[in-house]
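Chemist: This is the structure I have questions about; it appears just below.
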Amino acid sequence: MDDWIDYYDSTHTIYVSKLHRDLHFQIIARDIVGYITSPEATVLDYACGEALSAGQVAAACGKLILAEPAPGVRGRLIARFAPNTKIRV
């Protein structure tokens, strides 16, 4: 497990381009939103990675919890979403 966390906490090239990366996160967000049954729902996104489209999910629910085991990624999530009161990391 540590190897996986270390890999995702490093600079890696699993995406062909920035567009590929952005579309990946947009599709995930769209799919998660499709499962939200109430605007008051609490949603857990575990192993969320950079969660670049988390704002879309947060807009559709009452509270979004982002759980990420990679410490560097988690730190970036905390900084990025600190202003959004609907998102907790």
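Chain lettering (A, B, ...) mirrors the order of the structure tokens, residue numbering begins at 1 for each chain separately, and ligand numbering begins at 1 in order of display.
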Taking 6 positions as the minimum chain separation for residues in the same chain, which residues sit within 8 Å of Val43 (chain A) when counting only C-alpha atoms? Answer as a list of chain:residue names.
Modeler: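 Within the cut-off, the hits are A:Ile36, A:Cys61, A:Lys63, A:Leu64, A:Ile65.
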Chemist: Taking the chain letters and numbering used in this document, name the residues of chain A that DSSP puts in helix (DSSP H, G or I), as a PyMOL selection string.
Modeler: chain A and resi 2-8+18-35+54-60+71-81
Chemist: Just want the 9 Å neighbourhood of region 19-33 of chain A, counted on only C-alpha atoms, with same-chain residues fewer than 2 positions away dropped. Output as a PDB file with N, CA and C atoms, in the first residue's frame.
Modeler:
```pdb
ATOM      1  N   ILE A  14       0.230   9.603 -15.771  1.00  0.00           N
ATOM      2  CA  ILE A  14      -0.822   8.668 -16.168  1.00  0.00           C
ATOM      3  C   ILE A  14      -1.786   9.299 -17.168  1.00  0.00           C
ATOM      4  N   TYR A  15      -1.703  10.621 -17.344  1.00  0.00           N
ATOM      5  CA  TYR A  15      -2.579  11.310 -18.292  1.00  0.00           C
ATOM      6  C   TYR A  15      -1.783  11.716 -19.531  1.00  0.00           C
ATOM      7  N   VAL A  16      -2.426  11.637 -20.678  1.00  0.00           N
ATOM      8  CA  VAL A  16      -1.792  11.999 -21.944  1.00  0.00           C
ATOM      9  C   VAL A  16      -1.581  13.504 -22.028  1.00  0.00           C
ATOM     10  N   SER A  17      -2.521  14.264 -21.465  1.00  0.00           N
ATOM     11  CA  SER A  17      -2.465  15.722 -21.543  1.00  0.00           C
ATOM     12  C   SER A  17      -3.286  16.319 -20.402  1.00  0.00           C
ATOM     13  N   TYR A  35     -25.403   9.763  -8.475  1.00  0.00           N
ATOM     14  CA  TYR A  35     -25.805   8.920  -7.351  1.00  0.00           C
ATOM     15  C   TYR A  35     -26.360   9.713  -6.168  1.00  0.00           C
ATOM     16  N   ILE A  36     -26.263  11.011  -6.200  1.00  0.00           N
ATOM     17  CA  ILE A  36     -26.730  11.838  -5.077  1.00  0.00           C
ATOM     18  C   ILE A  36     -28.254  11.927  -5.134  1.00  0.00           C
ATOM     19  N   THR A  37     -28.897  11.503  -4.064  1.00  0.00           N
ATOM     20  CA  THR A  37     -30.361  11.434  -4.042  1.00  0.00           C
ATOM     21  C   THR A  37     -31.021  12.620  -3.359  1.00  0.00           C
ATOM     22  N   VAL A  43     -21.629  13.217   1.118  1.00  0.00           N
ATOM     23  CA  VAL A  43     -20.981  12.345   0.137  1.00  0.00           C
ATOM     24  C   VAL A  43     -19.523  12.149   0.537  1.00  0.00           C
ATOM     25  N   ASP A  45     -15.960  10.848  -0.914  1.00  0.00           N
ATOM     26  CA  ASP A  45     -15.139  10.474  -2.072  1.00  0.00           C
ATOM     27  C   ASP A  45     -13.803  10.017  -1.506  1.00  0.00           C
ATOM     28  N   GLU A  50      -6.617  14.305  -6.914  1.00  0.00           N
ATOM     29  CA  GLU A  50      -6.645  15.774  -6.931  1.00  0.00           C
ATOM     30  C   GLU A  50      -8.061  16.347  -6.903  1.00  0.00           C
ATOM     31  N   ALA A  51      -9.069  15.521  -7.190  1.00  0.00           N
ATOM     32  CA  ALA A  51     -10.484  15.933  -7.108  1.00  0.00           C
ATOM     33  C   ALA A  51     -10.723  17.286  -7.782  1.00  0.00           C
ATOM     34  N   LEU A  52     -10.239  17.417  -9.000  1.00  0.00           N
ATOM     35  CA  LEU A  52     -10.288  18.709  -9.684  1.00  0.00           C
ATOM     36  C   LEU A  52     -11.701  19.207  -9.959  1.00  0.00           C
ATOM     37  N   SER A  53     -12.680  18.323  -9.976  1.00  0.00           N
ATOM     38  CA  SER A  53     -14.070  18.728 -10.215  1.00  0.00           C
ATOM     39  C   SER A  53     -14.937  18.555  -8.973  1.00  0.00           C
ATOM     40  N   ALA A  54     -14.325  18.564  -7.815  1.00  0.00           N
ATOM     41  CA  ALA A  54     -15.074  18.387  -6.567  1.00  0.00           C
ATOM     42  C   ALA A  54     -16.103  19.487  -6.352  1.00  0.00           C
ATOM     43  N   GLY A  55     -15.867  20.656  -6.893  1.00  0.00           N
ATOM     44  CA  GLY A  55     -16.836  21.741  -6.765  1.00  0.00           C
ATOM     45  C   GLY A  55     -18.186  21.373  -7.350  1.00  0.00           C
ATOM     46  N   GLN A  56     -18.191  20.622  -8.456  1.00  0.00           N
ATOM     47  CA  GLN A  56     -19.439  20.160  -9.065  1.00  0.00           C
ATOM     48  C   GLN A  56     -20.199  19.248  -8.111  1.00  0.00           C
ATOM     49  N   VAL A  57     -19.482  18.351  -7.470  1.00  0.00           N
ATOM     50  CA  VAL A  57     -20.111  17.418  -6.536  1.00  0.00           C
ATOM     51  C   VAL A  57     -20.631  18.181  -5.324  1.00  0.00           C
ATOM     52  N   ALA A  58     -19.824  19.080  -4.792  1.00  0.00           N
ATOM     53  CA  ALA A  58     -20.234  19.857  -3.618  1.00  0.00           C
ATOM     54  C   ALA A  58     -21.475  20.689  -3.904  1.00  0.00           C
ATOM     55  N   ALA A  60     -23.920  19.824  -5.613  1.00  0.00           N
ATOM     56  CA  ALA A  60     -25.087  18.946  -5.692  1.00  0.00           C
ATOM     57  C   ALA A  60     -25.454  18.290  -4.365  1.00  0.00           C
ATOM     58  N   CYS A  61     -24.652  18.522  -3.325  1.00  0.00           N
ATOM     59  CA  CYS A  61     -24.921  17.861  -2.047  1.00  0.00           C
ATOM     60  C   CYS A  61     -24.754  18.847  -0.890  1.00  0.00           C
TER      61      CYS A  61
END
```
Chemist: Please measure the separation of CA of Pro39 (chain A) and CA of Arg76 (chain A), giving the value in Å to one decimal.
Modeler: 26.3 Å
Chemist: Let me make sure I understand: among A:Gly75, A:Pro69, A:Gly62, A:Gly34, which one has the smallest atom-to-atom distance to Tyr8 (chain A) if we use only C-alpha atoms?
Modeler: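 So, comparing all the options, the nearest one is A:Pro69.
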Chemist: Excluding same-chain residues fewer than 5 positions from Val73 (chain A), what lies within 12 Å of it counting only C-alpha atoms, as a ChimeraX atom specification?
Modeler: /A:5-11,47-52,66-68,78-80,89
Chemist: I need the chosen residues saved as a short mmCIF file (atom, residue, chain, number, x, y, z; two decimals), in the first residue's frame, with C-alpha atoms.
Modeler:
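selection.cif written:
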```
data_model
loop_
_atom_site.label_atom_id
_atom_site.label_comp_id
_atom_site.auth_asym_id
_atom_site.auth_seq_id
_atom_site.Cartn_x
_atom_site.Cartn_y
_atom_site.Cartn_z
CA ILE A 5 0.50 6.06 -1.92
CA ASP A 6 4.07 7.08 -2.75
CA TYR A 7 3.33 6.75 -6.47
CA TYR A 8 0.26 8.98 -6.34
CA ASP A 9 2.09 11.44 -4.11
CA SER A 10 4.80 11.86 -6.76
CA THR A 11 4.77 13.55 -10.14
CA ALA A 47 -8.96 7.96 -2.61
CA CYS A 48 -10.15 11.07 -4.45
CA GLY A 49 -6.81 12.12 -5.90
CA GLU A 50 -6.64 15.77 -6.93
CA ALA A 51 -10.48 15.93 -7.11
CA LEU A 52 -10.29 18.71 -9.68
CA LEU A 66 -12.64 14.10 0.39
CA ALA A 67 -10.50 11.29 1.79
CA GLU A 68 -7.01 10.98 0.31
CA ILE A 78 -6.85 21.26 1.95
CA ALA A 79 -5.37 24.42 0.44
CA ARG A 80 -7.54 24.35 -2.70
CA VAL A 89 -10.67 17.04 3.54
#
```
Chemist: Just the number, please: distance in Å from CA of Leu44 (chain A) to CA of Ala70 (chain A), one decimal.
Modeler: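 So the answer is 16.4 Å.
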Chemist: Suppose you want the space between CA of Tyr46 (chain A) and CA of Thr13 (chain A); what is it in Å?
Modeler: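 We find that CA of Tyr46 (chain A) and CA of Thr13 (chain A) lie 21.3 Å from each other.
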